[in-house]
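Okay, so here's the structure we're looking at.
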Amino acid sequence: MWESIRILCPVVVSPYLRDDRMNAVTPNIEQNAFIALLDASAYTWKRTKNSTSMEWVDDELTARLICSRIEDIPRTEANFTERLCDDARAVREKALESLSWNGAKFQIDYKIRTFDGRNIWVEERARRIAGNGKIAHEIIGVITNIQNRKIREEQAGYHAAFDSLTGLWNQTRMAEGLNHMLASAQRYDRQAAYVVMNLTNIQDINISYGYEAGDRLITSIAKRLKSCARSPDICGRVSDTGFGIGLSDCDPTQMQKVAERIVKTLADTPYASPHGDLYAEFAVGGCALSQKATSAADAMEQVYTAVAHSRVRQGAFVAYSRDLPDLKPRQSKAELTRDDIISALNDRRITLAYQPIVHADTRETHHFECLLRLRRDDGEMVSAGDFIMAAERLGCVHLLDRRALEIARETLLVYPNIHIALNVSAATVKTSETADAYLDALKTLGKDTERVIVEMTETVALDDPAMASRFSVETRALGCRFSIDDFGAGHTTFRNLMAIEADEIKIDGSFIRDLSLTPHKQVFVRMMVDLAQTFSVKTVAEMVGSREDADLLTRLGVDYLQGYMFGLPGPAPQVGEKRKPKNTARA
């Protein structure tokens, strides 16, 4: 999209060449061929006191552009204006009035009616090249068919708010809806509730009948859930297996009755499938908005706890209360405690695994992402996803970030020609004391900071853009590059991206998996890449799992690729050159 605009700009400004000897404007054939490739048509517009005329450089191209017959191409201002839709006439007239001096330009989008009765989006760019007033002047311009671009933008906007499988609101949109519902309840002294139904037998169905059967069941549940919601209730798919519904004008007593009635509707009647009737089983929990929760984030966390208790109680409804123990689904082994993490740090059982990130075009390694690993007492290795959240909850994740930086410093000494990427946690950067300590540790790297990329997840950046911007500025001032990880997961705006001044974005893996098989993901990734290039920001696609996806990402303009097909995380960077480290005391 933006690439097209960049190509078009020089052409629009001068789709004609002025021949001073003839004192006339003549079409340039080569330039017209270029704009034809862009599905665009050039014109010259002459307005005098008594008449206006439109001369098109290529009548056949113009007819194809606006889906018209050549004999029906508008040749006057009145003929062209008749084709404009909605408020396009006023928009275009205002734009024309702005051309009050020779050299003035405008760019506008509007809808135009085609010969066969359809309305399509076009973009018009024009410049006044001659004239002595508003009544008598000459304009040159280009009209481009942007219907496909508008469709892509609408699709991207849809997927930013809706779950692609079910059509329900996604978690981000549900959070916005709950915040509005909460504000309304507080303002008008009303009660509201939030209920989540978690599908508990989906794993059995996926194993027995395949993931397609599981997806079909989830889609069918979503249809039933929509029929249960009454305006102004809101509902959405808030996780892979979770469905949430916000209930307006609903007190705690009514909440349980309504939740049980909804679950009965969703679970009692089987769902038809090619494998026979399938039944859905749920764990269900709820919380009273405005009484227990002060924000959507509070409500979602509280309901998560209630649903965990519902699982223990065989699916019985559980309402959140302050004295309800914090119960989370357990792994086969006990969850890590603060003592476990501190002990692992002291015993040097916290290590890094290095996964290569390659150039999209050459597939040569560009840098390595450093991934935290923890080794239990029994020797089992635990990946970051299994203990970082626990460390954040226990208030010691900043120690892990510091330890990762210490190990990275040693790695940079051993491997003098590699670049690395380090993840930094929310808790580390949100507190000035821990953020400053991390920055001080970065300073000890000296010139090696130029070989470091600091990654912050998009959700952290969205929670506090000012904090993210400050941390970005300070890390970049030290020589590091700054990257936003999991980009697209929180649907941030590029306004936030500009404010944070990131050097790089890592496109969330959910958009990359099966990219070559999913057209709407391709649209989303293309838009991310185009806009990132507009701001001179590099792009990394993570979780690339197939050659088809890798080749498509390269064609889309992604700069770097990361995934198992390029290398698994290993205990050391896989490069040829390294040097013996100097004798340095361990931190």
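Residues in the structure tokens are numbered from 1 in each chain, the chains being A, B, ... in the order shown, and ligands are numbered from 1 in the order shown.
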Inset, instruction - Would you please give, as a VMD selection string, all residues of segment 409-525 of chain A that DSSP assigns to helix (DSSP H, G or I) based on the backbone? - result: chain A and resid 409 to 414 426 to 430 432 to 443 446 to 451 458 to 463 465 to 477 494 to 500 509 to 512 515 to 517 519 to 525
Go ahead and save the picked residues with C-alpha atoms, as a PDB file, in the first residue's frame.
```pdb
ATOM      1  CA  ARG A 409      28.162  -9.858  28.672  1.00  0.00           C
ATOM      2  CA  GLU A 410      30.270 -13.014  28.897  1.00  0.00           C
ATOM      3  CA  THR A 411      28.862 -14.237  25.587  1.00  0.00           C
ATOM      4  CA  LEU A 412      29.775 -10.985  23.844  1.00  0.00           C
ATOM      5  CA  LEU A 413      33.332 -11.353  25.114  1.00  0.00           C
ATOM      6  CA  VAL A 414      33.629 -14.919  23.830  1.00  0.00           C
ATOM      7  CA  ALA A 426       7.477  -5.362  32.650  1.00  0.00           C
ATOM      8  CA  ALA A 427       8.346  -5.316  36.353  1.00  0.00           C
ATOM      9  CA  THR A 428      11.950  -4.358  35.591  1.00  0.00           C
ATOM     10  CA  VAL A 429      11.146  -1.247  33.575  1.00  0.00           C
ATOM     11  CA  LYS A 430       8.033  -0.064  35.438  1.00  0.00           C
ATOM     12  CA  SER A 432      12.486   3.468  38.363  1.00  0.00           C
ATOM     13  CA  GLU A 433      14.874   1.768  40.797  1.00  0.00           C
ATOM     14  CA  THR A 434      15.064  -1.523  38.879  1.00  0.00           C
ATOM     15  CA  ALA A 435      14.994   0.236  35.490  1.00  0.00           C
ATOM     16  CA  ASP A 436      17.941   2.454  36.467  1.00  0.00           C
ATOM     17  CA  ALA A 437      19.831  -0.552  37.814  1.00  0.00           C
ATOM     18  CA  TYR A 438      19.313  -2.355  34.498  1.00  0.00           C
ATOM     19  CA  LEU A 439      20.490   0.674  32.538  1.00  0.00           C
ATOM     20  CA  ASP A 440      23.567   0.955  34.757  1.00  0.00           C
ATOM     21  CA  ALA A 441      24.345  -2.700  34.012  1.00  0.00           C
ATOM     22  CA  LEU A 442      23.974  -2.009  30.294  1.00  0.00           C
ATOM     23  CA  LYS A 443      26.544   0.794  30.577  1.00  0.00           C
ATOM     24  CA  GLY A 446      30.830  -0.269  26.905  1.00  0.00           C
ATOM     25  CA  LYS A 447      31.003  -0.331  23.111  1.00  0.00           C
ATOM     26  CA  ASP A 448      29.417  -3.792  23.091  1.00  0.00           C
ATOM     27  CA  THR A 449      26.038  -2.123  23.637  1.00  0.00           C
ATOM     28  CA  GLU A 450      26.093  -1.557  19.873  1.00  0.00           C
ATOM     29  CA  ARG A 451      25.733  -5.332  19.518  1.00  0.00           C
ATOM     30  CA  GLU A 458       4.001  -4.790  23.030  1.00  0.00           C
ATOM     31  CA  THR A 459       1.603  -5.298  25.965  1.00  0.00           C
ATOM     32  CA  VAL A 460       4.152  -3.747  28.338  1.00  0.00           C
ATOM     33  CA  ALA A 461       4.616  -0.791  25.981  1.00  0.00           C
ATOM     34  CA  LEU A 462       0.854  -0.292  25.736  1.00  0.00           C
ATOM     35  CA  ASP A 463       0.366  -0.388  29.501  1.00  0.00           C
ATOM     36  CA  PRO A 465       3.711   4.282  26.661  1.00  0.00           C
ATOM     37  CA  ALA A 466       5.507   7.099  28.506  1.00  0.00           C
ATOM     38  CA  MET A 467       7.562   4.602  30.477  1.00  0.00           C
ATOM     39  CA  ALA A 468       8.312   2.596  27.329  1.00  0.00           C
ATOM     40  CA  SER A 469       9.360   5.741  25.477  1.00  0.00           C
ATOM     41  CA  ARG A 470      11.703   6.803  28.302  1.00  0.00           C
ATOM     42  CA  PHE A 471      13.291   3.353  28.496  1.00  0.00           C
ATOM     43  CA  SER A 472      13.663   3.237  24.715  1.00  0.00           C
ATOM     44  CA  VAL A 473      15.374   6.618  24.599  1.00  0.00           C
ATOM     45  CA  GLU A 474      17.805   5.711  27.361  1.00  0.00           C
ATOM     46  CA  THR A 475      18.743   2.297  25.956  1.00  0.00           C
ATOM     47  CA  ARG A 476      19.249   3.750  22.485  1.00  0.00           C
ATOM     48  CA  ALA A 477      21.366   6.555  23.935  1.00  0.00           C
ATOM     49  CA  PHE A 494       1.725   3.222  14.935  1.00  0.00           C
ATOM     50  CA  ARG A 495       1.331   6.494  16.817  1.00  0.00           C
ATOM     51  CA  ASN A 496       2.557   4.557  19.866  1.00  0.00           C
ATOM     52  CA  LEU A 497       5.334   3.074  17.755  1.00  0.00           C
ATOM     53  CA  MET A 498       6.534   6.532  16.745  1.00  0.00           C
ATOM     54  CA  ALA A 499       6.337   7.752  20.353  1.00  0.00           C
ATOM     55  CA  ILE A 500       8.404   4.820  21.602  1.00  0.00           C
ATOM     56  CA  GLY A 509       3.801 -15.518  15.995  1.00  0.00           C
ATOM     57  CA  SER A 510       0.011 -15.878  15.916  1.00  0.00           C
ATOM     58  CA  PHE A 511       0.065 -13.906  12.635  1.00  0.00           C
ATOM     59  CA  ILE A 512       2.925 -15.993  11.201  1.00  0.00           C
ATOM     60  CA  LEU A 515       0.655 -17.617   6.941  1.00  0.00           C
ATOM     61  CA  SER A 516       0.775 -19.039   3.415  1.00  0.00           C
ATOM     62  CA  LEU A 517      -2.569 -20.779   4.037  1.00  0.00           C
ATOM     63  CA  PRO A 519      -5.201 -14.855   3.394  1.00  0.00           C
ATOM     64  CA  HIS A 520      -6.366 -12.502   6.181  1.00  0.00           C
ATOM     65  CA  LYS A 521      -3.053 -12.994   8.016  1.00  0.00           C
ATOM     66  CA  GLN A 522      -1.204 -12.078   4.838  1.00  0.00           C
ATOM     67  CA  VAL A 523      -3.164  -8.809   4.655  1.00  0.00           C
ATOM     68  CA  PHE A 524      -2.337  -8.000   8.272  1.00  0.00           C
ATOM     69  CA  VAL A 525       1.368  -8.779   7.899  1.00  0.00           C
TER      70      VAL A 525
END
```
Inset, instruction - For Ser273 of chain A, list every protein, DNA or RNA residue within 9 Å, evaluated using only C-alpha atoms, and leave out those in the same chain fewer than 4 positions away; present the list as number ranges by chain. - result: A: 213, 216-217, 277-278
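Among A:Glu55, A:Asp361, A:Leu371, A:Leu568, the residue with the shortest atom-to-atom distance to Leu553 of chain A, counting only C-alpha atoms, is A:Asp361.
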Legend entry - Selection near Val575 of chain A, 12 Å with only C-alpha atoms, sequence-local residues under 3 positions removed, as a list of chain:residue names: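 These residues fall inside the cut-off: A:Tyr354, A:Gln355, A:Pro356, A:Glu364, A:Thr365, A:His366, A:His367, A:Phe368, A:Thr411, A:Val414, A:Tyr415, A:Pro416, A:Asn417, A:Ile418, A:His419, A:Gly567, A:Gly570, A:Ala572, A:Lys578, A:Arg579.
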Legend entry - Residues near Gly285 of chain A, cut-off 7 Å, only C-alpha atoms, skip fewer than 4 positions along chain, as an NGL selection string: :A and (195-197 or 303 or 306-307 or 310 or 317-319)
If you count only C-alpha atoms, which residues fall within 12 Å of Arg373 of chain A, apart from same-chain ones fewer than 2 positions away, as a compact mmCIF listing (two decimals) with N, CA and C atoms, in the first residue's frame?
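Generated output (selection-v2.txt):
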```
# COMPACT_ATOMS: atom_id res chain seq x y z
N ILE A 341 13.58 -19.75 42.82
CA ILE A 341 14.22 -18.88 41.83
C ILE A 341 15.50 -18.28 42.38
N ALA A 344 18.11 -20.91 42.41
CA ALA A 344 18.63 -21.17 41.07
C ALA A 344 19.61 -20.08 40.64
N LEU A 345 19.33 -18.84 41.02
CA LEU A 345 20.25 -17.74 40.72
C LEU A 345 21.58 -17.92 41.46
N ARG A 348 23.75 -20.67 40.08
CA ARG A 348 24.07 -20.51 38.66
C ARG A 348 23.34 -21.55 37.81
N ARG A 349 22.05 -21.79 38.15
CA ARG A 349 21.24 -22.70 37.34
C ARG A 349 20.32 -21.94 36.40
N ILE A 350 20.51 -20.63 36.33
CA ILE A 350 19.84 -19.81 35.32
C ILE A 350 20.79 -19.65 34.15
N THR A 351 20.38 -20.07 32.96
CA THR A 351 21.24 -20.01 31.79
C THR A 351 20.48 -19.36 30.63
N LEU A 352 21.19 -19.20 29.51
CA LEU A 352 20.58 -18.67 28.30
C LEU A 352 20.65 -19.71 27.19
N ALA A 353 19.61 -19.74 26.37
CA ALA A 353 19.62 -20.50 25.13
C ALA A 353 19.59 -19.48 23.98
N TYR A 354 20.31 -19.78 22.91
CA TYR A 354 20.50 -18.82 21.83
C TYR A 354 19.82 -19.33 20.56
N CYS A 370 18.37 -14.21 23.03
CA CYS A 370 18.78 -14.90 24.26
C CYS A 370 17.54 -15.26 25.07
N LEU A 371 17.32 -16.55 25.25
CA LEU A 371 16.12 -17.05 25.92
C LEU A 371 16.50 -17.65 27.26
N ARG A 375 17.30 -24.51 35.34
CA ARG A 375 17.50 -25.94 35.58
C ARG A 375 17.10 -26.27 37.01
N ARG A 376 16.15 -27.16 37.14
CA ARG A 376 15.70 -27.57 38.48
C ARG A 376 16.80 -28.38 39.19
N GLY A 379 17.73 -31.55 37.54
CA GLY A 379 18.34 -31.47 36.21
C GLY A 379 17.39 -31.10 35.10
N GLU A 380 16.08 -31.07 35.36
CA GLU A 380 15.12 -30.74 34.31
C GLU A 380 15.25 -29.26 33.93
N MET A 381 15.26 -28.98 32.61
CA MET A 381 15.32 -27.62 32.12
C MET A 381 13.91 -27.05 31.99
N VAL A 382 13.71 -25.84 32.47
CA VAL A 382 12.40 -25.18 32.43
C VAL A 382 12.53 -23.95 31.53
N SER A 383 11.63 -23.83 30.54
CA SER A 383 11.70 -22.68 29.62
C SER A 383 11.14 -21.44 30.29
N ALA A 384 11.45 -20.30 29.70
CA ALA A 384 11.09 -19.02 30.31
C ALA A 384 9.59 -18.88 30.55
N GLY A 385 8.79 -19.37 29.59
CA GLY A 385 7.35 -19.23 29.74
C GLY A 385 6.80 -19.87 30.99
N ASP A 386 7.51 -20.86 31.53
CA ASP A 386 7.02 -21.58 32.71
C ASP A 386 7.44 -20.93 34.02
N PHE A 387 8.39 -19.98 33.99
CA PHE A 387 8.78 -19.41 35.28
C PHE A 387 8.86 -17.88 35.30
N ILE A 388 8.86 -17.22 34.14
CA ILE A 388 8.91 -15.75 34.13
C ILE A 388 7.67 -15.17 34.80
N LEU A 400 16.23 -11.86 37.38
CA LEU A 400 16.45 -12.73 36.21
C LEU A 400 16.94 -11.90 35.02
N ASP A 401 16.34 -10.72 34.84
CA ASP A 401 16.78 -9.86 33.74
C ASP A 401 18.24 -9.45 33.91
N ARG A 403 20.52 -11.13 35.58
CA ARG A 403 21.36 -12.31 35.37
C ARG A 403 21.52 -12.60 33.87
N ALA A 404 20.45 -12.43 33.10
CA ALA A 404 20.53 -12.63 31.65
C ALA A 404 21.54 -11.67 31.05
N ILE A 407 25.11 -12.86 31.83
CA ILE A 407 25.54 -13.98 30.97
C ILE A 407 25.80 -13.46 29.56
N PRO A 569 16.80 -23.19 19.77
CA PRO A 569 17.58 -22.54 20.82
C PRO A 569 18.64 -23.50 21.36
N GLY A 570 19.88 -23.05 21.40
CA GLY A 570 20.97 -23.91 21.87
C GLY A 570 21.74 -23.28 22.99
N PRO A 571 22.60 -24.05 23.65
CA PRO A 571 23.34 -23.54 24.80
C PRO A 571 24.42 -22.52 24.44
```
Inset, instruction - Select, from A:Ile484, A:Gly557, A:Ile245, A:Arg393, the residue with the minimum atom-to-atom distance to Asp530 of chain A, counting only C-alpha atoms. - result: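 Going through A:Ile484, A:Gly557, A:Ile245, A:Arg393 one by one, the smallest distance to Asp530 of chain A is for A:Gly557.
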Legend entry - Distance criterion (only C-alpha atoms): nearest to Glu301 of chain A out of A:Asn170, A:Leu372, A:Pro232, A:Val238: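 The shortest atom-to-atom distance to Glu301 of chain A comes from A:Val238.
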Legend entry - Two-atom distance - atom CA of Thr114 of chain A, atom CA of Ile66 of chain A (Å): 5.4 Å
